[in-house]
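This report refers to the structure that appears directly beneath it.
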Amino acid sequence: MKPQVAVLDDYQQVARVYGDWDRLRERADVTVFEDHLFDEDALVARLAPFAVIVLMRERTPFPRSLIARLPNLQLLLTTGMWNASIDLVACEERGVVVCGTQVGGGGTAQLTWALLLALAQQIPVVDADIRAGRWQTGVGIEIAGRTLGLLGLGRIGSVVARVARAFDMNVIAWSKNLTAERAAEAGATLVDCDELLRRSDFVSVHMVLSARTRGLLGRRELALMKPAAYLINTSRGPIVDEGALIEALEARTIAGAGLDVFDVEPLPLDHPLRRLPNTVLTPHIGYVSQESYSVVYPQLIEDIEAWLDGTPVRRMHSTVVPDKAAYAPPVRP
């Protein structure tokens, strides 16, 4: 009997566009699910027959409790080479092989700048105005000479810093292990976190979600920001205390926020962020691009073929995932 393969959370109906799943026709039966399930019982009912489950990033978390309830699961795949929402220890204990892919494109850095510039120029506001018959209702700001604060200066943060210099911005940065020398190499100045928040006109988050970074920006930290400053988060929602952020946006103690990530995804229809006018919201698309999908979907199929051949590739192990126990699966309110 051929193994059953489930491809989850294909919101955009692109799995079959970017991946030649027909290559597996003789060796496996593939089912693509386009909706998202929050409830674990519903997931168990749906996924019980499947030996292979394909995840798109962290759309559907795989904690120990879910893994334990899927006795037929043998292979778990994810895009990228780490996924904080998979309990790799539980997979290893169960003998479930976990494999990943390379990642393609520089979409997250690009989206960071799209959000920053949309906020600076009030693009969503003036776009809505012109469609409603109004003309020149908003006044934007020029970013040259202003200060960009980067929380995290890794691969993505460094790209954002390089673009900032082209805009003649001042760049300051902080992360726990960042050195002055490394910051200077990226064209930034190392400061402590509180100073970064006080000085920045734009604060952009580029950190991995972990026990150390969860809730990094809470009420105290957001209160340090200038009333005219903007926050941009393209990393992970829980790095910022969402309740504290909503309070700051409602009270206008910060000017606005550009957000691609949220505590609960997809964002519930009644979520307060949807009604705040001083936000620019995108649906976690930093990794969503033609270039990225053209890399990850073919490699997911390669992963399955290699596993079927008895020689898994791009395996993931618990010893190489940062803070694997820190991820708390989101619960729909």
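Labeling convention for the structure tokens: chains A, B, ... as they appear, residues from 1 per chain, ligands from 1 in order of appearance.
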
Filtered DSSP result for region 27-212 of chain A, state alpha helix (DSSP H), as a PDB file with N, CA and C atoms, in the first residue's frame:
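Output contents, as saved in result.pdb:
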ATOM      1  N   GLU A  40      -6.779  20.852  17.680  1.00  0.00           N
ATOM      2  CA  GLU A  40      -5.952  19.645  17.604  1.00  0.00           C
ATOM      3  C   GLU A  40      -6.788  18.404  17.321  1.00  0.00           C
ATOM      4  N   ASP A  41      -7.975  18.310  17.902  1.00  0.00           N
ATOM      5  CA  ASP A  41      -8.823  17.142  17.632  1.00  0.00           C
ATOM      6  C   ASP A  41      -9.166  17.057  16.148  1.00  0.00           C
ATOM      7  N   ALA A  42      -9.450  18.215  15.545  1.00  0.00           N
ATOM      8  CA  ALA A  42      -9.769  18.232  14.123  1.00  0.00           C
ATOM      9  C   ALA A  42      -8.550  17.836  13.290  1.00  0.00           C
ATOM     10  N   LEU A  43      -7.373  18.268  13.716  1.00  0.00           N
ATOM     11  CA  LEU A  43      -6.156  17.888  13.010  1.00  0.00           C
ATOM     12  C   LEU A  43      -5.918  16.387  13.096  1.00  0.00           C
ATOM     13  N   VAL A  44      -6.122  15.820  14.270  1.00  0.00           N
ATOM     14  CA  VAL A  44      -5.927  14.383  14.443  1.00  0.00           C
ATOM     15  C   VAL A  44      -6.889  13.611  13.544  1.00  0.00           C
ATOM     16  N   ALA A  45      -8.135  14.027  13.518  1.00  0.00           N
ATOM     17  CA  ALA A  45      -9.124  13.347  12.686  1.00  0.00           C
ATOM     18  C   ALA A  45      -8.741  13.401  11.207  1.00  0.00           C
ATOM     19  N   ARG A  46      -8.210  14.552  10.790  1.00  0.00           N
ATOM     20  CA  ARG A  46      -7.841  14.708   9.385  1.00  0.00           C
ATOM     21  C   ARG A  46      -6.565  13.961   9.044  1.00  0.00           C
ATOM     22  N   LEU A  47      -5.581  14.009   9.918  1.00  0.00           N
ATOM     23  CA  LEU A  47      -4.232  13.561   9.569  1.00  0.00           C
ATOM     24  C   LEU A  47      -3.917  12.132   9.989  1.00  0.00           C
ATOM     25  N   ARG A  64       4.354  18.146  20.914  1.00  0.00           N
ATOM     26  CA  ARG A  64       4.392  16.749  21.361  1.00  0.00           C
ATOM     27  C   ARG A  64       2.993  16.139  21.408  1.00  0.00           C
ATOM     28  N   SER A  65       2.018  16.908  21.887  1.00  0.00           N
ATOM     29  CA  SER A  65       0.665  16.359  22.049  1.00  0.00           C
ATOM     30  C   SER A  65       0.077  15.898  20.727  1.00  0.00           C
ATOM     31  N   LEU A  66       0.324  16.653  19.657  1.00  0.00           N
ATOM     32  CA  LEU A  66      -0.198  16.265  18.353  1.00  0.00           C
ATOM     33  C   LEU A  66       0.583  15.085  17.782  1.00  0.00           C
ATOM     34  N   ILE A  67       1.895  15.131  17.900  1.00  0.00           N
ATOM     35  CA  ILE A  67       2.729  14.048  17.373  1.00  0.00           C
ATOM     36  C   ILE A  67       2.342  12.712  18.010  1.00  0.00           C
ATOM     37  N   ALA A  68       2.055  12.734  19.314  1.00  0.00           N
ATOM     38  CA  ALA A  68       1.705  11.503  20.026  1.00  0.00           C
ATOM     39  C   ALA A  68       0.399  10.896  19.542  1.00  0.00           C
ATOM     40  N   LEU A  88      11.011  18.584  17.956  1.00  0.00           N
ATOM     41  CA  LEU A  88      11.911  17.598  17.356  1.00  0.00           C
ATOM     42  C   LEU A  88      12.277  16.478  18.320  1.00  0.00           C
ATOM     43  N   VAL A  89      12.322  16.788  19.599  1.00  0.00           N
ATOM     44  CA  VAL A  89      12.607  15.737  20.589  1.00  0.00           C
ATOM     45  C   VAL A  89      11.511  14.683  20.556  1.00  0.00           C
ATOM     46  N   ALA A  90      10.259  15.133  20.525  1.00  0.00           N
ATOM     47  CA  ALA A  90       9.137  14.186  20.462  1.00  0.00           C
ATOM     48  C   ALA A  90       9.193  13.365  19.180  1.00  0.00           C
ATOM     49  N   CYS A  91       9.577  14.003  18.064  1.00  0.00           N
ATOM     50  CA  CYS A  91       9.701  13.264  16.810  1.00  0.00           C
ATOM     51  C   CYS A  91      10.787  12.195  16.910  1.00  0.00           C
ATOM     52  N   GLU A  92      11.924  12.573  17.496  1.00  0.00           N
ATOM     53  CA  GLU A  92      13.010  11.610  17.617  1.00  0.00           C
ATOM     54  C   GLU A  92      12.613  10.441  18.511  1.00  0.00           C
ATOM     55  N   GLU A  93      11.903  10.728  19.590  1.00  0.00           N
ATOM     56  CA  GLU A  93      11.454   9.663  20.483  1.00  0.00           C
ATOM     57  C   GLU A  93      10.499   8.710  19.772  1.00  0.00           C
ATOM     58  N   ARG A  94       9.708   9.249  18.882  1.00  0.00           N
ATOM     59  CA  ARG A  94       8.739   8.438  18.144  1.00  0.00           C
ATOM     60  C   ARG A  94       9.331   7.787  16.903  1.00  0.00           C
ATOM     61  N   GLY A 107      12.961  37.883   0.467  1.00  0.00           N
ATOM     62  CA  GLY A 107      11.661  38.535   0.594  1.00  0.00           C
ATOM     63  C   GLY A 107      11.439  39.271   1.894  1.00  0.00           C
ATOM     64  N   THR A 108      11.997  38.780   3.013  1.00  0.00           N
ATOM     65  CA  THR A 108      11.703  39.413   4.294  1.00  0.00           C
ATOM     66  C   THR A 108      12.325  40.800   4.385  1.00  0.00           C
ATOM     67  N   ALA A 109      13.564  40.948   3.938  1.00  0.00           N
ATOM     68  CA  ALA A 109      14.190  42.272   3.934  1.00  0.00           C
ATOM     69  C   ALA A 109      13.434  43.214   3.011  1.00  0.00           C
ATOM     70  N   GLN A 110      13.020  42.706   1.868  1.00  0.00           N
ATOM     71  CA  GLN A 110      12.256  43.519   0.922  1.00  0.00           C
ATOM     72  C   GLN A 110      10.934  43.966   1.539  1.00  0.00           C
ATOM     73  N   LEU A 111      10.253  43.053   2.213  1.00  0.00           N
ATOM     74  CA  LEU A 111       8.977  43.401   2.833  1.00  0.00           C
ATOM     75  C   LEU A 111       9.175  44.408   3.964  1.00  0.00           C
ATOM     76  N   THR A 112      10.268  44.286   4.708  1.00  0.00           N
ATOM     77  CA  THR A 112      10.554  45.264   5.757  1.00  0.00           C
ATOM     78  C   THR A 112      10.557  46.674   5.184  1.00  0.00           C
ATOM     79  N   TRP A 113      11.215  46.828   4.058  1.00  0.00           N
ATOM     80  CA  TRP A 113      11.260  48.157   3.447  1.00  0.00           C
ATOM     81  C   TRP A 113       9.920  48.567   2.852  1.00  0.00           C
ATOM     82  N   ALA A 114       9.175  47.613   2.338  1.00  0.00           N
ATOM     83  CA  ALA A 114       7.833  47.944   1.831  1.00  0.00           C
ATOM     84  C   ALA A 114       6.959  48.489   2.956  1.00  0.00           C
ATOM     85  N   LEU A 115       7.014  47.857   4.128  1.00  0.00           N
ATOM     86  CA  LEU A 115       6.219  48.323   5.268  1.00  0.00           C
ATOM     87  C   LEU A 115       6.719  49.675   5.770  1.00  0.00           C
ATOM     88  N   LEU A 116       8.037  49.827   5.874  1.00  0.00           N
ATOM     89  CA  LEU A 116       8.591  51.091   6.368  1.00  0.00           C
ATOM     90  C   LEU A 116       8.202  52.247   5.460  1.00  0.00           C
ATOM     91  N   LEU A 117       8.367  52.060   4.182  1.00  0.00           N
ATOM     92  CA  LEU A 117       8.059  53.144   3.244  1.00  0.00           C
ATOM     93  C   LEU A 117       6.557  53.405   3.162  1.00  0.00           C
ATOM     94  N   ALA A 118       5.762  52.363   3.282  1.00  0.00           N
ATOM     95  CA  ALA A 118       4.304  52.563   3.289  1.00  0.00           C
ATOM     96  C   ALA A 118       3.870  53.401   4.477  1.00  0.00           C
ATOM     97  N   LEU A 119       4.512  53.176   5.640  1.00  0.00           N
ATOM     98  CA  LEU A 119       4.206  53.980   6.817  1.00  0.00           C
ATOM     99  C   LEU A 119       4.695  55.414   6.644  1.00  0.00           C
ATOM    100  N   ALA A 120       5.913  55.567   6.154  1.00  0.00           N
ATOM    101  CA  ALA A 120       6.493  56.908   6.024  1.00  0.00           C
ATOM    102  C   ALA A 120       5.695  57.771   5.055  1.00  0.00           C
ATOM    103  N   GLN A 121       5.246  57.164   3.972  1.00  0.00           N
ATOM    104  CA  GLN A 121       4.507  57.926   2.947  1.00  0.00           C
ATOM    105  C   GLN A 121       2.994  57.809   3.087  1.00  0.00           C
ATOM    106  N   ILE A 123       1.042  55.338   2.488  1.00  0.00           N
ATOM    107  CA  ILE A 123       0.543  54.784   1.229  1.00  0.00           C
ATOM    108  C   ILE A 123      -0.864  54.203   1.351  1.00  0.00           C
ATOM    109  N   PRO A 124      -1.165  53.346   2.360  1.00  0.00           N
ATOM    110  CA  PRO A 124      -2.530  52.808   2.422  1.00  0.00           C
ATOM    111  C   PRO A 124      -3.587  53.898   2.592  1.00  0.00           C
ATOM    112  N   VAL A 125      -3.262  54.937   3.377  1.00  0.00           N
ATOM    113  CA  VAL A 125      -4.225  56.009   3.629  1.00  0.00           C
ATOM    114  C   VAL A 125      -4.503  56.791   2.361  1.00  0.00           C
ATOM    115  N   VAL A 126      -3.439  57.223   1.680  1.00  0.00           N
ATOM    116  CA  VAL A 126      -3.653  58.066   0.502  1.00  0.00           C
ATOM    117  C   VAL A 126      -4.188  57.252  -0.668  1.00  0.00           C
ATOM    118  N   ASP A 127      -3.874  55.967  -0.721  1.00  0.00           N
ATOM    119  CA  ASP A 127      -4.455  55.116  -1.755  1.00  0.00           C
ATOM    120  C   ASP A 127      -5.969  55.030  -1.571  1.00  0.00           C
ATOM    121  N   ALA A 128      -6.403  54.796  -0.312  1.00  0.00           N
ATOM    122  CA  ALA A 128      -7.848  54.747  -0.043  1.00  0.00           C
ATOM    123  C   ALA A 128      -8.498  56.088  -0.325  1.00  0.00           C
ATOM    124  N   ASP A 129      -7.810  57.178   0.014  1.00  0.00           N
ATOM    125  CA  ASP A 129      -8.369  58.516  -0.216  1.00  0.00           C
ATOM    126  C   ASP A 129      -8.599  58.785  -1.698  1.00  0.00           C
ATOM    127  N   ILE A 130      -7.604  58.483  -2.511  1.00  0.00           N
ATOM    128  CA  ILE A 130      -7.741  58.805  -3.926  1.00  0.00           C
ATOM    129  C   ILE A 130      -8.832  57.964  -4.578  1.00  0.00           C
ATOM    130  N   ARG A 131      -9.016  56.741  -4.104  1.00  0.00           N
ATOM    131  CA  ARG A 131     -10.091  55.904  -4.637  1.00  0.00           C
ATOM    132  C   ARG A 131     -11.462  56.409  -4.194  1.00  0.00           C
ATOM    133  N   ARG A 155      21.413  37.792   9.085  1.00  0.00           N
ATOM    134  CA  ARG A 155      21.355  37.794   7.617  1.00  0.00           C
ATOM    135  C   ARG A 155      20.361  38.819   7.085  1.00  0.00           C
ATOM    136  N   ILE A 156      19.150  38.837   7.642  1.00  0.00           N
ATOM    137  CA  ILE A 156      18.125  39.759   7.146  1.00  0.00           C
ATOM    138  C   ILE A 156      18.389  41.178   7.634  1.00  0.00           C
ATOM    139  N   GLY A 157      18.701  41.322   8.929  1.00  0.00           N
ATOM    140  CA  GLY A 157      18.958  42.642   9.465  1.00  0.00           C
ATOM    141  C   GLY A 157      20.092  43.347   8.763  1.00  0.00           C
ATOM    142  N   SER A 158      21.111  42.600   8.355  1.00  0.00           N
ATOM    143  CA  SER A 158      22.246  43.207   7.653  1.00  0.00           C
ATOM    144  C   SER A 158      21.837  43.751   6.290  1.00  0.00           C
ATOM    145  N   VAL A 159      20.954  43.037   5.611  1.00  0.00           N
ATOM    146  CA  VAL A 159      20.453  43.532   4.321  1.00  0.00           C
ATOM    147  C   VAL A 159      19.653  44.812   4.527  1.00  0.00           C
ATOM    148  N   VAL A 160      18.801  44.823   5.557  1.00  0.00           N
ATOM    149  CA  VAL A 160      18.009  46.018   5.857  1.00  0.00           C
ATOM    150  C   VAL A 160      18.929  47.198   6.166  1.00  0.00           C
ATOM    151  N   ALA A 161      20.006  46.947   6.905  1.00  0.00           N
ATOM    152  CA  ALA A 161      20.955  48.013   7.233  1.00  0.00           C
ATOM    153  C   ALA A 161      21.618  48.570   5.983  1.00  0.00           C
ATOM    154  N   ARG A 162      21.970  47.699   5.057  1.00  0.00           N
ATOM    155  CA  ARG A 162      22.622  48.150   3.821  1.00  0.00           C
ATOM    156  C   ARG A 162      21.705  49.065   3.015  1.00  0.00           C
ATOM    157  N   VAL A 163      20.442  48.726   2.942  1.00  0.00           N
ATOM    158  CA  VAL A 163      19.481  49.572   2.229  1.00  0.00           C
ATOM    159  C   VAL A 163      19.305  50.905   2.954  1.00  0.00           C
ATOM    160  N   ALA A 164      19.292  50.875   4.281  1.00  0.00           N
ATOM    161  CA  ALA A 164      19.127  52.107   5.064  1.00  0.00           C
ATOM    162  C   ALA A 164      20.224  53.108   4.756  1.00  0.00           C
ATOM    163  N   ARG A 165      21.433  52.613   4.571  1.00  0.00           N
ATOM    164  CA  ARG A 165      22.533  53.526   4.259  1.00  0.00           C
ATOM    165  C   ARG A 165      22.311  54.187   2.903  1.00  0.00           C
ATOM    166  N   ALA A 166      21.714  53.461   1.955  1.00  0.00           N
ATOM    167  CA  ALA A 166      21.419  54.056   0.652  1.00  0.00           C
ATOM    168  C   ALA A 166      20.398  55.181   0.774  1.00  0.00           C
ATOM    169  N   ALA A 180      30.347  45.336  18.871  1.00  0.00           N
ATOM    170  CA  ALA A 180      30.533  46.611  18.190  1.00  0.00           C
ATOM    171  C   ALA A 180      31.188  46.402  16.829  1.00  0.00           C
ATOM    172  N   GLU A 181      32.115  45.451  16.762  1.00  0.00           N
ATOM    173  CA  GLU A 181      32.821  45.189  15.509  1.00  0.00           C
ATOM    174  C   GLU A 181      31.871  44.624  14.459  1.00  0.00           C
ATOM    175  N   ARG A 182      31.050  43.679  14.876  1.00  0.00           N
ATOM    176  CA  ARG A 182      30.096  43.085  13.928  1.00  0.00           C
ATOM    177  C   ARG A 182      29.085  44.128  13.472  1.00  0.00           C
ATOM    178  N   ALA A 183      28.624  44.988  14.368  1.00  0.00           N
ATOM    179  CA  ALA A 183      27.690  46.039  13.989  1.00  0.00           C
ATOM    180  C   ALA A 183      28.331  46.986  12.978  1.00  0.00           C
ATOM    181  N   ALA A 184      29.584  47.360  13.221  1.00  0.00           N
ATOM    182  CA  ALA A 184      30.275  48.278  12.321  1.00  0.00           C
ATOM    183  C   ALA A 184      30.435  47.672  10.932  1.00  0.00           C
ATOM    184  N   GLU A 185      30.696  46.376  10.864  1.00  0.00           N
ATOM    185  CA  GLU A 185      30.818  45.701   9.577  1.00  0.00           C
ATOM    186  C   GLU A 185      29.539  45.824   8.754  1.00  0.00           C
ATOM    187  N   CYS A 193      19.558  48.075  24.270  1.00  0.00           N
ATOM    188  CA  CYS A 193      18.181  47.986  23.769  1.00  0.00           C
ATOM    189  C   CYS A 193      17.371  49.226  24.124  1.00  0.00           C
ATOM    190  N   ASP A 194      17.468  49.689  25.359  1.00  0.00           N
ATOM    191  CA  ASP A 194      16.687  50.854  25.767  1.00  0.00           C
ATOM    192  C   ASP A 194      17.077  52.089  24.973  1.00  0.00           C
ATOM    193  N   GLU A 195      18.373  52.276  24.740  1.00  0.00           N
ATOM    194  CA  GLU A 195      18.812  53.434  23.960  1.00  0.00           C
ATOM    195  C   GLU A 195      18.299  53.352  22.536  1.00  0.00           C
ATOM    196  N   LEU A 196      18.319  52.151  21.984  1.00  0.00           N
ATOM    197  CA  LEU A 196      17.800  51.981  20.622  1.00  0.00           C
ATOM    198  C   LEU A 196      16.340  52.413  20.543  1.00  0.00           C
ATOM    199  N   LEU A 197      15.546  51.982  21.513  1.00  0.00           N
ATOM    200  CA  LEU A 197      14.122  52.320  21.493  1.00  0.00           C
ATOM    201  C   LEU A 197      13.907  53.824  21.665  1.00  0.00           C
ATOM    202  N   ARG A 198      14.701  54.456  22.485  1.00  0.00           N
ATOM    203  CA  ARG A 198      14.543  55.897  22.718  1.00  0.00           C
ATOM    204  C   ARG A 198      14.941  56.728  21.495  1.00  0.00           C
ATOM    205  N   ARG A 199      15.978  56.302  20.788  1.00  0.00           N
ATOM    206  CA  ARG A 199      16.540  57.124  19.718  1.00  0.00           C
ATOM    207  C   ARG A 199      15.903  56.897  18.357  1.00  0.00           C
TER     208      ARG A 199
END

Residues of region 86-245 of chain A classed as strand (DSSP E) by DSSP on the backbone are to be reported as a list in words.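 Result set for region 86-245 of chain A (strand (DSSP E)): Val97, Val98, Cys99, Thr147, Leu148, Gly149, Leu150, Leu151, Asn170, Val171, Ile172, Ala173, Trp174, Thr189, Leu190, Phe202, Val203, Ser204, Val205, Tyr230, Leu231, Ile232 and Asn233 of chain A.
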
Determine, counting only C-alpha atoms, which protein, DNA and RNA residues have an atom within 8 Å of an atom of Gly218 (chain A); residues of the same chain fewer than 2 positions away are not included. Present the result as a PyMOL selection string. chain A and resi 215-216+220-222+240-241+244-245

Expected file contents, prior selection, N, CA and C atoms, as an mmCIF file, in the first residue's frame:
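File produced: part_28.cif:
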data_model
loop_
_atom_site.group_PDB
_atom_site.id
_atom_site.type_symbol
_atom_site.label_atom_id
_atom_site.label_comp_id
_atom_site.auth_asym_id
_atom_site.auth_seq_id
_atom_site.Cartn_x
_atom_site.Cartn_y
_atom_site.Cartn_z
ATOM 1 N N GLY A 215 8.170 38.181 24.032
ATOM 2 C CA GLY A 215 7.774 39.324 24.843
ATOM 3 C C GLY A 215 8.891 40.341 25.051
ATOM 4 N N LEU A 216 9.878 40.333 24.169
ATOM 5 C CA LEU A 216 11.007 41.257 24.302
ATOM 6 C C LEU A 216 10.546 42.709 24.374
ATOM 7 N N ARG A 220 6.735 48.344 28.995
ATOM 8 C CA ARG A 220 7.848 49.208 29.385
ATOM 9 C C ARG A 220 8.680 49.605 28.172
ATOM 10 N N GLU A 221 8.983 48.642 27.307
ATOM 11 C CA GLU A 221 9.846 48.910 26.172
ATOM 12 C C GLU A 221 9.148 49.798 25.145
ATOM 13 N N LEU A 222 7.883 49.526 24.867
ATOM 14 C CA LEU A 222 7.157 50.349 23.902
ATOM 15 C C LEU A 222 7.010 51.780 24.401
ATOM 16 N N VAL A 240 6.841 40.641 20.208
ATOM 17 C CA VAL A 240 6.216 41.864 20.708
ATOM 18 C C VAL A 240 4.957 41.485 21.474
ATOM 19 N N ASP A 241 4.793 42.022 22.665
ATOM 20 C CA ASP A 241 3.566 41.804 23.438
ATOM 21 C C ASP A 241 2.415 42.449 22.672
ATOM 22 N N ALA A 244 0.106 44.920 24.548
ATOM 23 C CA ALA A 244 0.779 46.190 24.817
ATOM 24 C C ALA A 244 0.909 47.012 23.546
ATOM 25 N N LEU A 245 1.161 46.359 22.429
ATOM 26 C CA LEU A 245 1.265 47.075 21.156
ATOM 27 C C LEU A 245 -0.066 47.696 20.770
#

Could you give me, as a tab-separated table, every region 202-261 of chain A residue with an atom at most 12 Å from region 136-146 of chain A, plus its closest atom pair and distance in Å to one decimal, counting only C-alpha atoms, rows ordered by chain then number?
residue	atom	partner	partner_atom	distance
A:Phe202	CA	A:Arg146	CA	8.2
A:Val203	CA	A:Arg146	CA	11.3
A:Ala228	CA	A:Ile141	CA	10.4
A:Ala229	CA	A:Arg146	CA	10.2
A:Tyr230	CA	A:Arg146	CA	11.7
A:Ala255	CA	A:Ile141	CA	11.9

Would you export the selected residues with N, CA and C atoms as a compact mmCIF listing (two decimals), in the first residue's frame, please?
# COMPACT_ATOMS: atom_id res chain seq x y z
N PHE A 202 12.38 54.59 13.49
CA PHE A 202 11.79 53.32 13.05
C PHE A 202 12.52 52.21 13.79
N VAL A 203 11.77 51.29 14.39
CA VAL A 203 12.34 50.12 15.05
C VAL A 203 11.90 48.89 14.27
N ALA A 228 6.44 59.73 17.75
CA ALA A 228 6.45 59.81 16.29
C ALA A 228 7.12 58.60 15.65
N ALA A 229 7.49 57.61 16.46
CA ALA A 229 8.23 56.46 15.93
C ALA A 229 7.30 55.35 15.47
N TYR A 230 7.81 54.51 14.58
CA TYR A 230 7.07 53.38 14.03
C TYR A 230 7.78 52.06 14.36
N ALA A 255 3.61 56.16 16.71
CA ALA A 255 2.87 56.66 15.54
C ALA A 255 2.15 55.56 14.78

Spatial neighbours of region 3-17 of chain A, 9 Å, only C-alpha atoms, chain gap at least 3 places, as a PyMOL selection string: chain A and resi 20-22+27-37+47+49-56+59-60+293+297

Would you mind listing what lies within 7 Å of Ala257 (chain A) as a list in words, with only C-alpha atoms counted and same-chain residues fewer than 6 positions away left out? Tyr230, Leu231, Ile232, Asn278, Thr279 and Val280 of chain A

What does the file look like for those residues with C-alpha atoms, as a PDB file, in the first residue's frame?
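And here's part-v8.pdb as it stands now:
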ATOM      1  CA  TYR A 230       7.070  53.378  14.030  1.00  0.00           C
ATOM      2  CA  LEU A 231       7.512  49.684  14.817  1.00  0.00           C
ATOM      3  CA  ILE A 232       8.023  47.081  12.093  1.00  0.00           C
ATOM      4  CA  ASN A 278      -2.221  53.583  12.058  1.00  0.00           C
ATOM      5  CA  THR A 279      -1.147  50.110  10.957  1.00  0.00           C
ATOM      6  CA  VAL A 280      -0.038  48.492   7.720  1.00  0.00           C
TER       7      VAL A 280
END
